[in-house]
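Trainee: One structure coming up, written as structure tokens, with questions to follow.
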Amino acid sequence: MPLPPLPLEAIAIGVHVDDWRGAVAAAGDALERSGATAPEYTKRMIAVIEEFGAYVVIAPGLALAHARPGPDVHTEGLSIVTLADPVAFGHPHNDPVSVVLGLAVTSSDEHVLLVAELANVFNDAHVIPSLAAATDADAIRALLGVPTATEEPS
């Protein structure tokens with residue numbers, strides 16, 4: 001399953017936040033701007049981390065913010081936020097985080113498939129620091145191998 005398109009509205013570069021909640025909220029706001037989710041989804045992403053901890057920090061410098069499928073997910077979506085200054089999520093090995101991906105899915109099966117696809121992208125150790133340093137949406141899309149909303153997947 002290819003990653004979903006990454007429209008410009010789903011990308012935020014050099015965002016200033018105070019803490020991990022702000023970082024997750026920025027990823028949720030980007031999902032909402034892209035039309036993938038309603039505002040309640042962002043609250044659920046934060047609640048998941050409050051309940052289960054920083055397991056969303058899946059690699060050094062990278063968090064994959066998400067919540068279970070629900071009525072606040074309109075369509076599958078991906079967002080990416082790069083942070084002006086890294087923030088701690090409380091992970092013992094992978095903090096601080098400089099890149100936050102937001103993921104919204106409409107089914108548990110989609111979740112498994114999209115996480116597997118993202119894992120393939122991040123097998124390249126250079127992707128996370130390159131994303132953190134990216135200065136435009138096209139560079140981010142190229143690193144993730146995703147089309148814009150108007151492009152066909154390759």
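Labels used: A, B, ... for chains in the order of the structure tokens, numbers from 1 for residues in each chain, and numbers from 1 for ligands as shown.
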Excluding Pro4 in chain A and any residue of its chain fewer than 3 positions from it, enumerate the residues within 8 Å of it, using only C-alpha atoms, and give them as a PyMOL selection string.
Mentor: chain A and resi 76-78+146-147
Trainee: Write out as a list in words the residues lying within 9 Å of Pro60 in chain A, counting only C-alpha atoms and excluding same-chain residues fewer than 6 positions away.
Mentor: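 My list of contacting residues is His93, Asn94, Asp95, Pro96, Val97, Ser98 and Ile128 of chain A.
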Trainee: Pick the closest to Leu62 in chain A from A:Ala137, A:Leu101, A:Ala84, A:Val24: which is it, counting only C-alpha atoms?
Mentor: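 Looking at the shortest contact to Leu62 in chain A, the residue is A:Leu101.
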Trainee: Could you check the closest approach to Arg33 in chain A for each of A:Phe122, A:Gly61, A:Asp72, A:Ser79 and tell me which residue wins, using only C-alpha atoms?
Mentor: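 Smallest distance to Arg33 in chain A is found for A:Ser79.
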Trainee: Given the choices A:Leu103, A:Ile46, A:Leu143, A:Val15, which gets closest to Asn120 in chain A if the distance is worked out from only C-alpha atoms?
Mentor: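 So, comparing all the options, the nearest one is A:Leu143.
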Trainee: Which neighbours of Arg141 in chain A fall inside 12 Å, counting only C-alpha atoms, when residues of the same chain fewer than 2 positions from it are skipped, and could you give them as a ChimeraX atom specification?
Mentor: /A:3-8,10-11,78-80,121,127,130-131,134-139,143-149,151,153
Trainee: Next, dump the selected residues to file, keeping only N, CA, C and O atoms, as a tab-separated table (two decimals), in the first residue's frame.
Mentor:
```tsv
chain	number	residue	atom	x	y	z
A	3	LEU	N	2.01	5.16	0.49
A	3	LEU	CA	1.64	6.18	1.47
A	3	LEU	C	0.61	7.11	0.84
A	3	LEU	O	0.61	7.32	-0.38
A	4	PRO	N	-0.26	7.70	1.66
A	4	PRO	CA	-1.24	8.64	1.10
A	4	PRO	C	-0.56	9.89	0.57
A	4	PRO	O	0.57	10.20	0.96
A	5	PRO	N	-1.24	10.63	-0.30
A	5	PRO	CA	-0.66	11.89	-0.79
A	5	PRO	C	-0.35	12.83	0.38
A	5	PRO	O	-0.95	12.73	1.45
A	6	LEU	N	0.56	13.73	0.14
A	6	LEU	CA	0.97	14.69	1.16
A	6	LEU	C	0.75	16.10	0.62
A	6	LEU	O	1.65	16.71	0.05
A	7	PRO	N	-0.47	16.62	0.76
A	7	PRO	CA	-0.74	17.96	0.24
A	7	PRO	C	0.03	19.02	1.02
A	7	PRO	O	0.44	18.77	2.17
A	8	LEU	N	0.18	20.16	0.43
A	8	LEU	CA	0.93	21.25	1.07
A	8	LEU	C	0.36	21.58	2.45
A	8	LEU	O	1.11	21.87	3.39
A	10	ALA	N	-0.66	19.67	4.62
A	10	ALA	CA	-0.27	18.65	5.60
A	10	ALA	C	1.19	18.74	5.99
A	10	ALA	O	1.70	17.89	6.72
A	11	ILE	N	1.88	19.77	5.52
A	11	ILE	CA	3.30	19.93	5.79
A	11	ILE	C	3.53	21.24	6.54
A	11	ILE	O	3.02	22.29	6.13
A	78	LEU	N	-1.67	11.65	6.05
A	78	LEU	CA	-0.33	11.75	6.59
A	78	LEU	C	0.00	13.22	6.69
A	78	LEU	O	-0.35	14.01	5.81
A	79	SER	N	0.63	13.62	7.79
A	79	SER	CA	1.15	14.97	7.91
A	79	SER	C	2.58	14.88	8.39
A	79	SER	O	3.00	13.86	8.96
A	80	ILE	N	3.32	15.95	8.17
A	80	ILE	CA	4.69	16.01	8.67
A	80	ILE	C	4.97	17.41	9.19
A	80	ILE	O	4.61	18.40	8.56
A	121	VAL	N	10.54	3.37	4.50
A	121	VAL	CA	11.13	4.68	4.24
A	121	VAL	C	12.24	4.96	5.24
A	121	VAL	O	13.33	5.41	4.87
A	127	VAL	N	17.26	9.58	6.28
A	127	VAL	CA	15.97	10.23	6.02
A	127	VAL	C	15.57	11.17	7.15
A	127	VAL	O	15.16	12.31	6.89
A	130	SER	N	17.59	14.36	7.23
A	130	SER	CA	17.30	15.10	6.00
A	130	SER	C	15.93	15.76	6.07
A	130	SER	O	15.75	16.90	5.62
A	131	LEU	N	14.95	15.06	6.64
A	131	LEU	CA	13.63	15.68	6.84
A	131	LEU	C	13.74	16.86	7.78
A	131	LEU	O	13.17	17.93	7.53
A	134	ALA	N	15.07	19.79	5.96
A	134	ALA	CA	14.39	20.20	4.72
A	134	ALA	C	13.79	21.59	4.87
A	134	ALA	O	13.28	21.96	5.93
A	135	THR	N	13.86	22.34	3.78
A	135	THR	CA	13.36	23.72	3.81
A	135	THR	C	12.14	23.93	2.92
A	135	THR	O	11.60	25.04	2.88
A	136	ASP	N	11.71	22.89	2.21
A	136	ASP	CA	10.51	23.05	1.38
A	136	ASP	C	9.76	21.73	1.25
A	136	ASP	O	10.31	20.65	1.50
A	137	ALA	N	8.50	21.86	0.87
A	137	ALA	CA	7.61	20.71	0.79
A	137	ALA	C	8.07	19.69	-0.24
A	137	ALA	O	7.92	18.47	-0.03
A	138	ASP	N	8.60	20.15	-1.36
A	138	ASP	CA	9.03	19.20	-2.39
A	138	ASP	C	10.15	18.30	-1.89
A	138	ASP	O	10.18	17.10	-2.21
A	139	ALA	N	11.07	18.85	-1.11
A	139	ALA	CA	12.15	18.03	-0.55
A	139	ALA	C	11.59	16.98	0.40
A	139	ALA	O	12.01	15.82	0.39
A	143	LEU	N	11.79	12.87	-0.09
A	143	LEU	CA	12.39	11.99	0.91
A	143	LEU	C	11.44	10.87	1.33
A	143	LEU	O	11.86	9.74	1.56
A	144	LEU	N	10.15	11.20	1.43
A	144	LEU	CA	9.17	10.20	1.82
A	144	LEU	C	8.67	9.37	0.65
A	144	LEU	O	8.03	8.33	0.85
A	145	GLY	N	8.93	9.83	-0.56
A	145	GLY	CA	8.47	9.11	-1.74
A	145	GLY	C	6.96	9.18	-1.92
A	145	GLY	O	6.35	8.22	-2.37
A	146	VAL	N	6.37	10.33	-1.55
A	146	VAL	CA	4.92	10.48	-1.67
A	146	VAL	C	4.58	11.55	-2.70
A	146	VAL	O	5.31	12.53	-2.86
A	147	PRO	N	3.44	11.39	-3.36
A	147	PRO	CA	2.98	12.40	-4.32
A	147	PRO	C	2.28	13.54	-3.60
A	147	PRO	O	1.90	13.43	-2.43
A	148	THR	N	2.08	14.63	-4.33
A	148	THR	CA	1.20	15.68	-3.83
A	148	THR	C	-0.23	15.15	-3.99
A	148	THR	O	-0.46	14.11	-4.58
A	149	ALA	N	-1.19	15.88	-3.51
A	149	ALA	CA	-2.58	15.44	-3.60
A	149	ALA	C	-3.05	15.33	-5.04
A	149	ALA	O	-3.98	14.59	-5.34
A	151	GLU	N	-0.97	14.57	-7.71
A	151	GLU	CA	-0.14	13.65	-8.50
A	151	GLU	C	-0.62	12.23	-8.32
A	151	GLU	O	-1.19	11.87	-7.28
A	153	PRO	N	0.25	8.31	-7.67
A	153	PRO	CA	1.35	7.56	-7.09
A	153	PRO	C	2.14	6.84	-8.18
A	153	PRO	O	1.57	6.40	-9.15
```
Trainee: Could you tell me which of A:Ala132, A:Val100, A:Leu64, A:Ala59 comes closest to Leu114 in chain A if we count only C-alpha atoms?
Mentor: A:Leu64
Trainee: Do you know which residues are at most 8 Å from range 38-41 of chain A counting only C-alpha atoms, after dropping those on the same chain fewer than 3 positions away, and could you put them as a list of chain:residue names?
Mentor: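 Using only C-alpha atoms, the neighbours found are A:Gly28, A:Asp29, A:Glu32, A:Gly35, A:Arg44, A:Met45, A:Ala67, A:Asp72, A:Val73, A:His74.
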Trainee: Those selected residues, please, written with N, CA and C atoms and delivered as a PDB file, in the first residue's frame.
Mentor:
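again_16.pdb, written as the output of this step:
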```
ATOM      1  N   GLY A  28      -1.466  17.223  14.253  1.00  0.00           N
ATOM      2  CA  GLY A  28      -2.910  17.087  14.151  1.00  0.00           C
ATOM      3  C   GLY A  28      -3.546  18.232  13.384  1.00  0.00           C
ATOM      4  N   ASP A  29      -3.069  19.445  13.622  1.00  0.00           N
ATOM      5  CA  ASP A  29      -3.580  20.605  12.877  1.00  0.00           C
ATOM      6  C   ASP A  29      -3.334  20.429  11.386  1.00  0.00           C
ATOM      7  N   GLU A  32      -5.793  18.021  10.009  1.00  0.00           N
ATOM      8  CA  GLU A  32      -7.092  18.690   9.897  1.00  0.00           C
ATOM      9  C   GLU A  32      -7.129  19.631   8.684  1.00  0.00           C
ATOM     10  N   GLY A  35      -7.810  17.964   5.497  1.00  0.00           N
ATOM     11  CA  GLY A  35      -9.126  17.377   5.348  1.00  0.00           C
ATOM     12  C   GLY A  35      -9.231  15.939   5.810  1.00  0.00           C
ATOM     13  N   ARG A  44      -7.313  13.077  20.623  1.00  0.00           N
ATOM     14  CA  ARG A  44      -7.117  11.637  20.855  1.00  0.00           C
ATOM     15  C   ARG A  44      -5.654  11.237  20.705  1.00  0.00           C
ATOM     16  N   MET A  45      -4.930  11.835  19.746  1.00  0.00           N
ATOM     17  CA  MET A  45      -3.503  11.516  19.603  1.00  0.00           C
ATOM     18  C   MET A  45      -2.747  11.875  20.883  1.00  0.00           C
ATOM     19  N   ALA A  67      -3.764   7.814  16.439  1.00  0.00           N
ATOM     20  CA  ALA A  67      -4.755   7.251  17.349  1.00  0.00           C
ATOM     21  C   ALA A  67      -5.535   6.204  16.561  1.00  0.00           C
ATOM     22  N   ASP A  72     -13.807  10.674  13.801  1.00  0.00           N
ATOM     23  CA  ASP A  72     -13.114  11.931  13.541  1.00  0.00           C
ATOM     24  C   ASP A  72     -12.045  11.802  12.451  1.00  0.00           C
ATOM     25  N   VAL A  73     -11.936  10.620  11.837  1.00  0.00           N
ATOM     26  CA  VAL A  73     -11.044  10.411  10.695  1.00  0.00           C
ATOM     27  C   VAL A  73     -11.916  10.347   9.437  1.00  0.00           C
ATOM     28  N   HIS A  74     -11.747  11.343   8.566  1.00  0.00           N
ATOM     29  CA  HIS A  74     -12.540  11.419   7.343  1.00  0.00           C
ATOM     30  C   HIS A  74     -11.970  10.537   6.233  1.00  0.00           C
TER      31      HIS A  74
END
```
Trainee: Just the alpha helix (DSSP H) stuff from range 14-131 of chain A, please, per backbone DSSP, written as a count of residues only.
Mentor: 47
